[in-house]
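Text of the file work_33.pdb, holding PDB, C-alpha atoms, pLDDT in the B column:
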```
ATOM      1  CA  MET E   1     -10.094 -11.127  -7.085  1.00 61.00           C
ATOM      2  CA  ASP E   2      -8.042 -14.229  -6.400  1.00 89.00           C
ATOM      3  CA  ALA E   3      -5.589 -13.809  -3.506  1.00 93.00           C
ATOM      4  CA  GLN E   4      -2.973 -16.030  -5.163  1.00 94.00           C
ATOM      5  CA  GLU E   5      -3.038 -13.894  -8.305  1.00 95.00           C
ATOM      6  CA  GLN E   6      -2.621 -10.724  -6.240  1.00 97.00           C
ATOM      7  CA  LEU E   7       0.202 -12.271  -4.187  1.00 97.00           C
ATOM      8  CA  ALA E   8       1.963 -13.285  -7.408  1.00 97.00           C
ATOM      9  CA  ALA E   9       1.626  -9.684  -8.636  1.00 97.00           C
ATOM     10  CA  ILE E  10       3.011  -8.335  -5.336  1.00 98.00           C
ATOM     11  CA  ARG E  11       5.946 -10.775  -5.549  1.00 98.00           C
ATOM     12  CA  HIS E  12       6.637  -9.749  -9.150  1.00 97.00           C
ATOM     13  CA  LEU E  13       6.343  -6.012  -8.421  1.00 97.00           C
ATOM     14  CA  ALA E  14       8.629  -6.330  -5.393  1.00 97.00           C
ATOM     15  CA  GLY E  15      11.226  -7.977  -7.626  1.00 97.00           C
ATOM     16  CA  LEU E  16      10.962  -5.227 -10.246  1.00 97.00           C
ATOM     17  CA  PHE E  17      11.178  -2.395  -7.719  1.00 97.00           C
ATOM     18  CA  GLU E  18      14.070  -3.985  -5.855  1.00 96.00           C
ATOM     19  CA  ARG E  19      15.926  -4.675  -9.113  1.00 96.00           C
ATOM     20  CA  ASP E  20      15.600  -0.998 -10.060  1.00 97.00           C
ATOM     21  CA  ARG E  21      16.240   0.201  -6.480  1.00 96.00           C
ATOM     22  CA  ILE E  22      12.843   1.882  -6.158  1.00 97.00           C
ATOM     23  CA  ASP E  23      11.515   2.214  -2.619  1.00 98.00           C
ATOM     24  CA  TYR E  24       7.956   0.990  -2.107  1.00 98.00           C
ATOM     25  CA  TRP E  25       5.702  -0.037   0.755  1.00 98.00           C
ATOM     26  CA  LEU E  26       2.483  -2.019   0.856  1.00 98.00           C
ATOM     27  CA  PHE E  27      -0.238  -0.395   2.906  1.00 97.00           C
ATOM     28  CA  GLY E  28      -3.955  -1.066   3.275  1.00 95.00           C
ATOM     29  CA  GLY E  29      -5.456  -4.532   3.426  1.00 96.00           C
ATOM     30  CA  TRP E  30      -2.518  -6.450   2.028  1.00 98.00           C
ATOM     31  CA  ALA E  31      -0.213  -4.835   4.594  1.00 97.00           C
ATOM     32  CA  VAL E  32      -2.582  -6.109   7.302  1.00 97.00           C
ATOM     33  CA  ASP E  33      -2.245  -9.629   5.926  1.00 97.00           C
ATOM     34  CA  PHE E  34       1.549  -9.404   5.682  1.00 98.00           C
ATOM     35  CA  HIS E  35       1.728  -8.215   9.289  1.00 97.00           C
ATOM     36  CA  VAL E  36      -0.519 -10.979  10.652  1.00 96.00           C
ATOM     37  CA  GLY E  37       0.972 -13.691   8.430  1.00 95.00           C
ATOM     38  CA  HIS E  38      -2.152 -14.938   6.634  1.00 96.00           C
ATOM     39  CA  VAL E  39      -4.809 -13.759   4.207  1.00 96.00           C
ATOM     40  CA  THR E  40      -7.655 -12.329   6.272  1.00 95.00           C
ATOM     41  CA  ARG E  41     -10.134 -11.319   3.555  1.00 94.00           C
ATOM     42  CA  GLU E  42     -10.608 -10.689  -0.156  1.00 94.00           C
ATOM     43  CA  HIS E  43      -8.884  -7.606  -1.546  1.00 95.00           C
ATOM     44  CA  ALA E  44     -10.179  -5.361  -4.316  1.00 93.00           C
ATOM     45  CA  ASP E  45      -6.723  -3.957  -5.049  1.00 95.00           C
ATOM     46  CA  ILE E  46      -3.089  -3.628  -4.083  1.00 97.00           C
ATOM     47  CA  ASP E  47      -2.074  -0.397  -2.315  1.00 97.00           C
ATOM     48  CA  LEU E  48       1.505   0.812  -2.742  1.00 97.00           C
ATOM     49  CA  ALA E  49       3.207   3.951  -1.454  1.00 98.00           C
ATOM     50  CA  VAL E  50       6.189   5.308  -3.404  1.00 98.00           C
ATOM     51  CA  TRP E  51       8.277   8.462  -3.455  1.00 97.00           C
ATOM     52  CA  GLN E  52       6.806  11.107  -5.725  1.00 96.00           C
ATOM     53  CA  ALA E  53      10.288  11.699  -7.167  1.00 96.00           C
ATOM     54  CA  ASP E  54      10.220   8.120  -8.561  1.00 97.00           C
ATOM     55  CA  LEU E  55       6.862   8.434 -10.368  1.00 94.00           C
ATOM     56  CA  GLU E  56       8.304   8.790 -13.861  1.00 94.00           C
ATOM     57  CA  ALA E  57      10.550   5.739 -13.446  1.00 96.00           C
ATOM     58  CA  ILE E  58       7.722   3.757 -11.848  1.00 97.00           C
ATOM     59  CA  GLY E  59       5.289   4.671 -14.620  1.00 95.00           C
ATOM     60  CA  ALA E  60       7.735   3.535 -17.301  1.00 96.00           C
ATOM     61  CA  LEU E  61       8.486   0.323 -15.385  1.00 97.00           C
ATOM     62  CA  LEU E  62       4.818  -0.528 -14.901  1.00 97.00           C
ATOM     63  CA  VAL E  63       3.834   0.223 -18.501  1.00 97.00           C
ATOM     64  CA  ALA E  64       6.711  -1.955 -19.743  1.00 97.00           C
ATOM     65  CA  ASP E  65       5.379  -4.698 -17.456  1.00 96.00           C
ATOM     66  CA  GLY E  66       1.884  -4.553 -18.972  1.00 97.00           C
ATOM     67  CA  TRP E  67       0.186  -2.220 -16.499  1.00 97.00           C
ATOM     68  CA  ALA E  68      -1.866   0.712 -17.811  1.00 97.00           C
ATOM     69  CA  ARG E  69      -2.389   3.930 -15.911  1.00 95.00           C
ATOM     70  CA  SER E  70      -6.078   4.300 -15.328  1.00 91.00           C
ATOM     71  CA  ALA E  71      -6.577   7.701 -13.764  1.00 80.00           C
ATOM     72  CA  GLU E  72      -9.916   7.908 -12.020  1.00 78.00           C
ATOM     73  CA  PRO E  73     -12.021  11.009 -11.361  1.00 81.00           C
ATOM     74  CA  GLY E  74     -11.044  12.712  -8.143  1.00 82.00           C
ATOM     75  CA  GLU E  75      -7.558  11.216  -7.858  1.00 88.00           C
ATOM     76  CA  ASP E  76      -5.588  13.300  -5.403  1.00 92.00           C
ATOM     77  CA  GLY E  77      -2.270  12.095  -4.039  1.00 93.00           C
ATOM     78  CA  TYR E  78      -2.387   8.771  -5.851  1.00 95.00           C
ATOM     79  CA  THR E  79      -3.070   7.157  -9.206  1.00 94.00           C
ATOM     80  CA  THR E  80      -4.430   3.816 -10.319  1.00 95.00           C
ATOM     81  CA  TYR E  81      -2.863   1.192 -12.565  1.00 96.00           C
ATOM     82  CA  ARG E  82      -4.568  -1.858 -14.034  1.00 96.00           C
ATOM     83  CA  ARG E  83      -3.311  -5.069 -15.592  1.00 96.00           C
ATOM     84  CA  ASN E  84      -5.942  -7.571 -16.674  1.00 93.00           C
ATOM     85  CA  SER E  85      -8.195  -7.960 -13.626  1.00 93.00           C
ATOM     86  CA  LEU E  86      -5.645  -6.515 -11.175  1.00 95.00           C
ATOM     87  CA  ASN E  87      -6.042  -3.021  -9.733  1.00 95.00           C
ATOM     88  CA  MET E  88      -3.274  -1.148  -7.963  1.00 96.00           C
ATOM     89  CA  ASP E  89      -3.470   2.246  -6.261  1.00 95.00           C
ATOM     90  CA  VAL E  90      -0.117   4.016  -6.052  1.00 96.00           C
ATOM     91  CA  ALA E  91       0.083   6.735  -3.375  1.00 96.00           C
ATOM     92  CA  TYR E  92       2.707   9.469  -3.651  1.00 95.00           C
ATOM     93  CA  LEU E  93       5.082  10.340  -0.826  1.00 97.00           C
ATOM     94  CA  ALA E  94       7.167  13.457  -0.222  1.00 96.00           C
ATOM     95  CA  ARG E  95       9.318  14.714   2.634  1.00 94.00           C
ATOM     96  CA  GLY E  96       8.425  17.811   4.591  1.00 91.00           C
ATOM     97  CA  GLU E  97      10.054  19.786   7.323  1.00 84.00           C
ATOM     98  CA  LEU E  98      11.789  17.817  10.068  1.00 85.00           C
ATOM     99  CA  ASP E  99      11.826  14.805   7.731  1.00 86.00           C
ATOM    100  CA  THR E 100       8.069  14.229   8.027  1.00 92.00           C
ATOM    101  CA  VAL E 101       6.478  12.184   5.252  1.00 96.00           C
ATOM    102  CA  TYR E 102       3.244  13.254   3.600  1.00 95.00           C
ATOM    103  CA  THR E 103       1.151  12.680   0.512  1.00 95.00           C
ATOM    104  CA  PRO E 104       0.892  15.877  -1.570  1.00 94.00           C
ATOM    105  CA  LEU E 105      -2.787  16.778  -1.995  1.00 94.00           C
ATOM    106  CA  ALA E 106      -4.550  19.580  -3.818  1.00 90.00           C
ATOM    107  CA  SER E 107      -5.729  20.818  -0.415  1.00 90.00           C
ATOM    108  CA  GLY E 108      -2.350  20.489   1.317  1.00 87.00           C
ATOM    109  CA  CYS E 109      -0.671  17.475   2.855  1.00 89.00           C
ATOM    110  CA  GLY E 110      -1.976  14.060   3.817  1.00 90.00           C
ATOM    111  CA  GLU E 111       0.183  13.254   6.841  1.00 90.00           C
ATOM    112  CA  TRP E 112       1.507   9.775   7.571  1.00 94.00           C
ATOM    113  CA  PRO E 113       2.402   8.720  11.113  1.00 92.00           C
ATOM    114  CA  PRO E 114       6.080   9.000  12.079  1.00 91.00           C
ATOM    115  CA  HIS E 115       8.203   5.970  11.184  1.00 93.00           C
ATOM    116  CA  SER E 116       5.667   4.620   8.678  1.00 96.00           C
ATOM    117  CA  PHE E 117       8.260   3.926   5.995  1.00 97.00           C
ATOM    118  CA  GLY E 118      11.221   1.968   7.216  1.00 94.00           C
ATOM    119  CA  PRO E 119      13.156  -1.087   6.107  1.00 94.00           C
ATOM    120  CA  GLU E 120      10.587  -3.600   7.387  1.00 93.00           C
ATOM    121  CA  VAL E 121      10.018  -6.579   5.101  1.00 97.00           C
ATOM    122  CA  ARG E 122       7.339  -9.172   5.847  1.00 97.00           C
ATOM    123  CA  GLU E 123       6.599 -12.499   4.229  1.00 97.00           C
ATOM    124  CA  LEU E 124       3.252 -14.025   3.374  1.00 97.00           C
ATOM    125  CA  ALA E 125       2.842 -17.347   1.559  1.00 95.00           C
ATOM    126  CA  GLY E 126       6.350 -17.163   0.109  1.00 95.00           C
ATOM    127  CA  THR E 127       6.017 -13.520  -0.968  1.00 97.00           C
ATOM    128  CA  ARG E 128       8.324 -10.954   0.625  1.00 97.00           C
ATOM    129  CA  ALA E 129       7.491  -7.255   0.466  1.00 98.00           C
ATOM    130  CA  HIS E 130       8.209  -3.952   2.171  1.00 98.00           C
ATOM    131  CA  VAL E 131       5.288  -2.889   4.357  1.00 98.00           C
ATOM    132  CA  VAL E 132       4.335   0.209   6.310  1.00 98.00           C
ATOM    133  CA  SER E 133       4.945  -0.094  10.033  1.00 96.00           C
ATOM    134  CA  PHE E 134       2.410  -1.863  12.224  1.00 96.00           C
ATOM    135  CA  ALA E 135       1.749   1.371  14.143  1.00 94.00           C
ATOM    136  CA  SER E 136       1.144   3.299  10.920  1.00 94.00           C
ATOM    137  CA  LEU E 137      -1.227   0.665   9.634  1.00 94.00           C
ATOM    138  CA  LEU E 138      -3.188   0.547  12.890  1.00 95.00           C
ATOM    139  CA  ALA E 139      -3.443   4.357  12.926  1.00 93.00           C
ATOM    140  CA  ASP E 140      -4.646   4.496   9.311  1.00 92.00           C
ATOM    141  CA  LYS E 141      -7.201   1.735   9.776  1.00 93.00           C
ATOM    142  CA  SER E 142      -8.501   3.430  12.958  1.00 93.00           C
ATOM    143  CA  VAL E 143      -9.479   6.675  11.191  1.00 91.00           C
ATOM    144  CA  ARG E 144     -13.232   7.244  11.094  1.00 91.00           C
ATOM    145  CA  ARG E 145     -14.561   6.780   7.533  1.00 90.00           C
ATOM    146  CA  ASP E 146     -17.731   8.249   6.061  1.00 90.00           C
ATOM    147  CA  ASP E 147     -18.167   5.380   3.597  1.00 90.00           C
ATOM    148  CA  LEU E 148     -19.930   2.547   5.454  1.00 94.00           C
ATOM    149  CA  ALA E 149     -18.333  -0.293   3.466  1.00 91.00           C
ATOM    150  CA  THR E 150     -14.847   1.105   4.082  1.00 91.00           C
ATOM    151  CA  ALA E 151     -15.623   1.707   7.766  1.00 93.00           C
ATOM    152  CA  VAL E 152     -16.767  -1.910   8.229  1.00 94.00           C
ATOM    153  CA  LYS E 153     -13.701  -3.272   6.399  1.00 93.00           C
ATOM    154  CA  ASP E 154     -11.347  -1.051   8.420  1.00 93.00           C
ATOM    155  CA  ALA E 155     -12.994  -2.065  11.716  1.00 94.00           C
ATOM    156  CA  ALA E 156     -12.440  -5.730  10.826  1.00 94.00           C
ATOM    157  CA  ASP E 157      -8.810  -4.985   9.917  1.00 94.00           C
ATOM    158  CA  VAL E 158      -8.285  -3.192  13.257  1.00 95.00           C
ATOM    159  CA  ALA E 159      -9.679  -6.206  15.126  1.00 94.00           C
ATOM    160  CA  VAL E 160      -7.315  -8.522  13.237  1.00 94.00           C
ATOM    161  CA  LEU E 161      -4.338  -6.233  13.932  1.00 95.00           C
ATOM    162  CA  ARG E 162      -5.147  -5.900  17.627  1.00 93.00           C
ATOM    163  CA  SER E 163      -5.548  -9.650  17.920  1.00 91.00           C
ATOM    164  CA  ALA E 164      -2.178 -10.155  16.218  1.00 87.00           C
ATOM    165  CA  SER E 165      -0.456  -7.531  18.384  1.00 79.00           C
ATOM    166  CA  GLY E 166      -1.235  -9.653  21.461  1.00 67.00           C
ATOM    167  CA  SER E 167       0.792 -12.497  19.974  1.00 56.00           C
ATOM    168  CA  ARG E 168       3.820 -10.327  19.159  1.00 52.00           C
TER     169      ARG E 168
END
```
Before we go any further, please render this structure as structure tokens.
Amino acid sequence: MDAQEQLAAIRHLAGLFERDRIDYWLFGGWAVDFHVGHVTREHADIDLAVWQADLEAIGALLVADGWARSAEPGEDGYTTYRRNSLNMDVAYLARGELDTVYTPLASGCGEWPPHSFGPEVRELAGTRAHVVSFASLLADKSVRRDDLATAVKDAADVAVLRSASGSR
């Protein structure tokens, strides 16, 4: 997938969500790139986290913008949207006790690190977007993965993040 096409989609989505006052945060590989200030690798998709309470409004907004919900087998705590060759995973967020944030799962709660979702906006190649906190991203990318391809990708992302944190 072409990075410029994905960045254009992120820029467009950010504009739509901000226009409609819908909170969102990039996480995953694109959040790594926004934190370090350059594209570090190819990305298969765009990962967004949104409040579960906004899902109906987000679904209507995305469908009106040409995205189609493409539920995949085993979805739990997220759903997938597609537009042309673009893929976007949308993770759901909810608030728990003591204002903790989690992703509702069939088996319980997928916890996010404290202070993952704040007002932080980063810019990459002229595209501004809300991103999860650096600490949250580093914690998520440091989790041991069973899938070898994901583990290798996450290890590379951790190395990039650690390298960037030395220059902060």
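Applied to the file shown here, the PyMOL selection byres ((chain E and resi 42-50) around 7) selects the residues Met1, Ala3, Asp23, Tyr24, Trp25, Leu26, Phe27, Gly28, Gly29, Trp30, Arg41, Trp51, Gln52, Leu86, Asn87, Met88, Asp89, Val90, Ala91, Tyr92 and Leu93 of chain E.
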Review point. Taking the file as shown, what set of residues would the PyMOL selection byres ((chain E and resi 16) around 12) give back, as JSON, numbers by chain?
Key: {"E": [9, 10, 11, 12, 13, 14, 15, 17, 18, 19, 20, 21, 22, 23, 24, 57, 58, 60, 61, 62, 64, 65, 129]}
Check your understanding: Taking (5.3, 19.9, 2.3) in the file's coordinates as the center, which residues reach within 10 Å of it, counting only C-alpha atoms, put as a list in words?
Key -> Ala94, Arg95, Gly96, Glu97, Asp99, Thr100, Val101, Tyr102, Thr103, Pro104, Leu105, Gly108, Cys109, Gly110 and Glu111 of chain E
Practice item. Tell me which residues the PyMOL selection byres ((chain E and resi 156) around 12) grabs here, as a list in words. Key: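 Selection result, ordered by chain and number: Gly29, Val32, Asp33, Thr40, Arg41, Leu138, Lys141, Ser142, Ala149, Thr150, Ala151, Val152, Lys153, Asp154, Ala155, Asp157, Val158, Ala159, Val160, Leu161, Arg162 and Ser163 of chain E.
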**Study point:** Separation of CA of His115 (chain E) from CA of Ala139 (chain E) in Å
**Key:**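 Computing it gives 11.9 Å between the two atoms.
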Check your understanding: Separation of CA of Leu137 (chain E) and CA of Val121 (chain E), in Å?
Key -> 14.1 Å
With all atoms of region 111-130 of chain E from the file as input, state the centre and edge lengths in Å to one decimal of the axis-aligned box that has 8 Å extra on each side, as lines of an AutoDock Vina configuration file.
```
center_x = 6.7
center_y = -2.0
center_z = 5.6
size_x = 29.0
size_y = 46.6
size_z = 29.0
```
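Computed from the coordinates, the CA of His130 (chain E) to CA of Ala8 (chain E) distance equals 14.8 Å.
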Distance query 9 Å from (-6.7, 6.2, -11.7) using all atoms listed in the file, result as an mmCIF file with C-alpha atoms, in the coordinates of the input:
```
data_model
loop_
_atom_site.group_PDB
_atom_site.id
_atom_site.type_symbol
_atom_site.label_atom_id
_atom_site.label_comp_id
_atom_site.auth_asym_id
_atom_site.auth_seq_id
_atom_site.Cartn_x
_atom_site.Cartn_y
_atom_site.Cartn_z
ATOM 1 C CA ARG E 69 -2.389 3.930 -15.911
ATOM 2 C CA SER E 70 -6.078 4.300 -15.328
ATOM 3 C CA ALA E 71 -6.577 7.701 -13.764
ATOM 4 C CA GLU E 72 -9.916 7.908 -12.020
ATOM 5 C CA PRO E 73 -12.021 11.009 -11.361
ATOM 6 C CA GLY E 74 -11.044 12.712 -8.143
ATOM 7 C CA GLU E 75 -7.558 11.216 -7.858
ATOM 8 C CA TYR E 78 -2.387 8.771 -5.851
ATOM 9 C CA THR E 79 -3.070 7.157 -9.206
ATOM 10 C CA THR E 80 -4.430 3.816 -10.319
ATOM 11 C CA TYR E 81 -2.863 1.192 -12.565
ATOM 12 C CA ARG E 82 -4.568 -1.858 -14.034
ATOM 13 C CA MET E 88 -3.274 -1.148 -7.963
ATOM 14 C CA ASP E 89 -3.470 2.246 -6.261
ATOM 15 C CA VAL E 90 -0.117 4.016 -6.052
#
```
